[in-house]
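Shown next, in structure tokens, is the structure this report addresses.
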Number of protein chains: 2
Amino acid sequence: MAIEIKISLNDGIYLRDPQDSALGRNIIKFSILLIEDIGFEAFNFKKLAQEMNSTEASIYRYFENKHLLLIYLVSWYWEWVAYLIKINTLNIDEPKRKLEIIINSFVSASVDNPSTDFVDESKLHSVIIAEGMKAYRTKEVDDENGKGFFKNYKQLINNVAGVIMEINPTFEYPYALASNLFEMSNNHIYFAKHLPKLTDIQVGKNKYSEVEKMLNYFAAKLLGYEI
Amino acid sequence: MAIEIKISLNDGIYLRDPQDSALGRNIIKFSILLIEDIGFEAFNFKKLAQEMNSTEASIYRYFENKHLLLIYLVSWYWEWVAYLIKINTLNIDEPKRKLEIIINSFVSASVDNPSTDFVDESKLHSVIIAEGMKAYRTKEVDDENGKGFFKNYKQLINNVAGVIMEINPTFEYPYALASNLFEMSNNHIYFAKHLPKLTDIQVGKNKYSEVEKMLNYFAAKLLGYEI
DNA sequence: TTTTAAATAATAGTATAACTATCATAATAA
DNA sequence: TTATTATGATAGTTATACTATTATTTAAAA
């Protein structure tokens, strides 16, 4: 029996909570698959409706537009990573070990760890790597940030920054390092796949161990400890 | 008298070279202003035509679509930064000092250093910070990379990686550090302006000295030297 | 169980975006 | 001066991003 987690997200993002109905869950499920397949620019609600045997109008009852659907997916991902970090660091006291687990969670949020049957975390991770930043690189960012749409991300970074400060209380850039580790993780997986001249690491199919090693190295050097 | 630099960009990006005509230069000039103003998603050729008192059809004779125009702007920016780095490191031998100049160029490519009268480098920098990554986070990236559309970026990173290897020949991630310094620079300027909880630094109006300080600190720590 | 309400489907319609085509006119080059 | 090319003016096509309406199914309440 699968444990069902109800992920808690800002209800301003959606018109009707997609977790509460079969149609809603289908929207999430198929949007991840379709965005991964054709990319966010080519993705639209008409194609999504076709893919899931529903109608455009039905999808519009859940999300105002595809931009807000992307924010939903991205928020889901952030919550999912936060959850992974939480359960995997529950019994850990050593902050350096905690950061190692955090980095592992950034890199391998993909693997073998399903939260629900309708979200394929591995594909969601692919979507985040390729499209995630488009959720907050828009002219609406200030308005949407004011509405709390990005609080999951800020919360996640806040938690990571806390661990960084535990490791080295005099380090001047805990928040910047935290967000950079997350962004760098996604960036360099993307670079390795598409623009390899921009990185030194290589990745295999869902094998991101070199990225993990690099992030651990960066963190250790910056915070002044040996791995 | 202003020195006119003809920037050399991959001619697959455009249909007709915008540098070669008044209309073309206007397209570049006004697209920067308009994208900065309304954002890339809301930007289109019809609005651009209105803004510059021309027609949609005329603009389409220069660029296939707005995506390729963005690639053009981004490539211009990369070339511009590379040029800045080149002239400012001409007489510098010390690689640490070179990296300092590189970081300064990433951060303040904006200020007081016009290359041409039709490109406002400061506004272009703003556009790159907010929209730059959208040029290469698309489903077409592999195809376009194959056509050489991103070679300006790869070249720039290659040069920076060269300096990094001069400083520390045993450092394992010269390309990743180079691209990360560039991406981090734009990211944290953006974060400081729009999502300040994701960073530790603050920025003023075109005053990015804290970003510069942070990047210098990161570089020094990672490469093992004192600033 | 029926009746009522709510969710979804089916269909149609509008406005705008993203182009393409055609022809006239202006500027430039041969 | 004529031929060529660039631009402008205008119109048209297809696709996207929605909104509206009504019918039908499903679920909840009485």
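Residue numbering restarts at 1 in every chain; chains get A, B, ... in the order shown in the structure tokens, and ligands count up from 1 in that same order.
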request  = Specify as an MDAnalysis selection string all residues of chain A found within 8 Å of chain B, counting only C-alpha atoms.
outcome  = chainID A and resid 38:41 130:131 134 137:139 141:142 145 154 157:158 172:180 184 188 194:195 197:201 214 218 221:222
Determine, for each residue of chain A having at least one atom at most 12 Å from an atom of chain D, the closest pair of atoms and their separation in Å to one decimal, counting only C-alpha atoms (C1' of nucleotides); order by chain and ascending number, as a Markdown table.
```
| residue | atom | partner | partner_atom | distance |
| --- | --- | --- | --- | --- |
| A:Glu41 | CA | D:DT16 | C1' | 11.2 |
| A:Ala42 | CA | D:DT16 | C1' | 10.1 |
| A:Phe43 | CA | D:DT16 | C1' | 10.4 |
| A:Asn44 | CA | D:DT16 | C1' | 8.1 |
| A:Phe45 | CA | D:DA17 | C1' | 8.8 |
| A:Lys46 | CA | D:DT16 | C1' | 9.0 |
| A:Lys47 | CA | D:DT16 | C1' | 11.0 |
| A:Glu56 | CA | D:DC18 | C1' | 9.6 |
| A:Ala57 | CA | D:DT19 | C1' | 9.0 |
| A:Ile59 | CA | D:DC18 | C1' | 11.6 |
| A:Tyr60 | CA | D:DC18 | C1' | 8.8 |
| A:Arg61 | CA | D:DT19 | C1' | 11.5 |
| A:Phe63 | CA | D:DC18 | C1' | 11.8 |
| A:Glu64 | CA | D:DC18 | C1' | 9.3 |
| A:Asn65 | CA | D:DA17 | C1' | 8.3 |
| A:Lys66 | CA | D:DA17 | C1' | 9.8 |
| A:His67 | CA | D:DA17 | C1' | 11.8 |
```
Okay, now the selection with C-alpha atoms, as a tab-separated table (two decimals), in the first residue's frame?
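As a result, selection_14.tsv now contains:
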```tsv
chain	number	residue	atom	x	y	z
A	41	GLU	CA	6.85	26.83	-24.93
A	42	ALA	CA	5.09	24.31	-27.17
A	43	PHE	CA	2.95	23.02	-24.31
A	44	ASN	CA	-0.64	24.28	-24.08
A	45	PHE	CA	-3.95	23.29	-22.52
A	46	LYS	CA	-5.42	22.11	-25.79
A	47	LYS	CA	-2.66	19.56	-26.31
A	56	GLU	CA	-9.48	22.62	-22.64
A	57	ALA	CA	-12.35	24.22	-20.72
A	59	ILE	CA	-8.42	22.29	-17.43
A	60	TYR	CA	-9.08	26.03	-17.25
A	61	ARG	CA	-11.29	25.34	-14.25
A	63	PHE	CA	-5.54	26.65	-13.55
A	64	GLU	CA	-5.85	30.16	-14.95
A	65	ASN	CA	-3.06	29.49	-17.44
A	66	LYS	CA	-0.03	27.35	-18.11
A	67	HIS	CA	2.25	29.72	-16.24
```
Closest-contact table, chain A side, partner chain C, 12 Å, counting only C-alpha atoms (C1' of nucleotides), as a tab-separated table:
```
residue	atom	partner	partner_atom	distance
A:Arg16	CA	C:DA7	C1'	11.1
A:Asp20	CA	C:DA7	C1'	11.9
A:Ser21	CA	C:DA7	C1'	9.7
A:Ala22	CA	C:DA7	C1'	11.1
A:Leu23	CA	C:DT8	C1'	8.9
A:Gly24	CA	C:DA7	C1'	11.3
A:Ala49	CA	C:DA9	C1'	11.4
A:Asn53	CA	C:DA9	C1'	10.2
A:Ser54	CA	C:DA9	C1'	7.5
A:Thr55	CA	C:DA9	C1'	7.0
A:Glu56	CA	C:DA9	C1'	10.0
A:Ala57	CA	C:DA9	C1'	8.9
A:Ser58	CA	C:DT8	C1'	6.6
A:Ile59	CA	C:DT8	C1'	10.0
A:Tyr60	CA	C:DT8	C1'	11.7
A:Arg61	CA	C:DA7	C1'	9.9
A:Tyr62	CA	C:DA7	C1'	11.5
```
Could you write out the selected residues, including N, CA and C atoms, as a PDB file, in the first residue's frame?
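Written out: out27.pdb:
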```pdb
ATOM      1  N   ARG A  16      -9.013  25.479  -8.514  1.00  0.00           N
ATOM      2  CA  ARG A  16      -9.577  24.346  -7.793  1.00  0.00           C
ATOM      3  C   ARG A  16      -8.412  23.411  -7.481  1.00  0.00           C
ATOM      4  N   ASP A  20      -7.597  17.147  -5.331  1.00  0.00           N
ATOM      5  CA  ASP A  20      -8.879  16.696  -4.805  1.00  0.00           C
ATOM      6  C   ASP A  20      -9.772  15.930  -5.774  1.00  0.00           C
ATOM      7  N   SER A  21      -9.339  15.786  -7.018  1.00  0.00           N
ATOM      8  CA  SER A  21     -10.184  15.048  -7.961  1.00  0.00           C
ATOM      9  C   SER A  21      -9.332  14.258  -8.943  1.00  0.00           C
ATOM     10  N   ALA A  22      -9.956  13.276  -9.534  1.00  0.00           N
ATOM     11  CA  ALA A  22      -9.251  12.448 -10.519  1.00  0.00           C
ATOM     12  C   ALA A  22      -8.803  13.297 -11.698  1.00  0.00           C
ATOM     13  N   LEU A  23      -9.680  14.198 -12.138  1.00  0.00           N
ATOM     14  CA  LEU A  23      -9.316  15.072 -13.255  1.00  0.00           C
ATOM     15  C   LEU A  23      -8.126  15.956 -12.899  1.00  0.00           C
ATOM     16  N   GLY A  24      -8.176  16.522 -11.709  1.00  0.00           N
ATOM     17  CA  GLY A  24      -7.085  17.369 -11.249  1.00  0.00           C
ATOM     18  C   GLY A  24      -5.760  16.614 -11.192  1.00  0.00           C
ATOM     19  N   ALA A  49      -5.229  18.600 -22.953  1.00  0.00           N
ATOM     20  CA  ALA A  49      -6.569  18.016 -22.933  1.00  0.00           C
ATOM     21  C   ALA A  49      -6.652  16.798 -23.848  1.00  0.00           C
ATOM     22  N   ASN A  53      -7.481  12.978 -22.698  1.00  0.00           N
ATOM     23  CA  ASN A  53      -8.882  12.748 -23.051  1.00  0.00           C
ATOM     24  C   ASN A  53      -9.862  13.570 -22.227  1.00  0.00           C
ATOM     25  N   SER A  54      -9.553  14.853 -22.166  1.00  0.00           N
ATOM     26  CA  SER A  54     -10.481  15.775 -21.520  1.00  0.00           C
ATOM     27  C   SER A  54     -10.616  16.994 -22.432  1.00  0.00           C
ATOM     28  N   THR A  55     -11.084  18.090 -21.884  1.00  0.00           N
ATOM     29  CA  THR A  55     -11.245  19.282 -22.722  1.00  0.00           C
ATOM     30  C   THR A  55     -10.493  20.464 -22.125  1.00  0.00           C
ATOM     31  N   GLU A  56     -10.162  21.392 -23.020  1.00  0.00           N
ATOM     32  CA  GLU A  56      -9.481  22.617 -22.639  1.00  0.00           C
ATOM     33  C   GLU A  56     -10.237  23.329 -21.506  1.00  0.00           C
ATOM     34  N   ALA A  57     -11.529  23.491 -21.694  1.00  0.00           N
ATOM     35  CA  ALA A  57     -12.347  24.222 -20.715  1.00  0.00           C
ATOM     36  C   ALA A  57     -12.254  23.597 -19.326  1.00  0.00           C
ATOM     37  N   SER A  58     -12.197  22.277 -19.276  1.00  0.00           N
ATOM     38  CA  SER A  58     -12.100  21.597 -17.976  1.00  0.00           C
ATOM     39  C   SER A  58     -10.793  21.944 -17.272  1.00  0.00           C
ATOM     40  N   ILE A  59      -9.721  21.981 -18.028  1.00  0.00           N
ATOM     41  CA  ILE A  59      -8.422  22.292 -17.431  1.00  0.00           C
ATOM     42  C   ILE A  59      -8.397  23.732 -16.919  1.00  0.00           C
ATOM     43  N   TYR A  60      -9.021  24.619 -17.673  1.00  0.00           N
ATOM     44  CA  TYR A  60      -9.079  26.029 -17.248  1.00  0.00           C
ATOM     45  C   TYR A  60      -9.850  26.210 -15.944  1.00  0.00           C
ATOM     46  N   ARG A  61     -10.619  25.236 -15.551  1.00  0.00           N
ATOM     47  CA  ARG A  61     -11.286  25.340 -14.247  1.00  0.00           C
ATOM     48  C   ARG A  61     -10.326  25.080 -13.091  1.00  0.00           C
ATOM     49  N   TYR A  62      -9.166  24.486 -13.393  1.00  0.00           N
ATOM     50  CA  TYR A  62      -8.175  24.209 -12.359  1.00  0.00           C
ATOM     51  C   TYR A  62      -7.052  25.250 -12.315  1.00  0.00           C
TER      52      TYR A  62
END
```
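Put simply, CA of Val203 (chain A) is 13.0 Å away from CA of Ser126 (chain A).
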ask   = What does the distance between CA of Ile189 (chain A) and CA of Glu210 (chain A) come to in Å, to one decimal place?
value = 9.5 Å
ask   = How would you write, as a PyMOL selection string, the set of residues in region 1-99 of chain B that DSSP gives as helix (DSSP H, G or I)?
value = chain B and resi 18-20+22-38+45-51+56-60+66-89+95-99
inquiry  = as a ChimeraX atom specification, please: the residues near Glu94 (chain B) (cut-off 10 Å, only C-alpha atoms (C1' of nucleotides), same-chain neighbours under 6 positions excluded).
reply    = /B:163,166-167
Produce a file of the selected residues containing C-alpha atoms, as a short mmCIF file (atom, residue, chain, number, x, y, z; two decimals), in the first residue's frame.
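Printed below is out_36.cif as written:
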```cif
data_model
loop_
_atom_site.label_atom_id
_atom_site.label_comp_id
_atom_site.auth_asym_id
_atom_site.auth_seq_id
_atom_site.Cartn_x
_atom_site.Cartn_y
_atom_site.Cartn_z
CA VAL B 163 42.45 31.97 -16.36
CA GLU B 166 46.40 29.50 -14.67
CA ILE B 167 45.58 30.32 -11.07
#
```
ask   = Could you work out how far CA of Ile164 (chain B) lies from CA of Glu100 (chain A), giving the answer in Å with one decimal?
value =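 About the pair CA of Glu100 (chain A) and CA of Ile164 (chain B): they are 26.1 Å apart.
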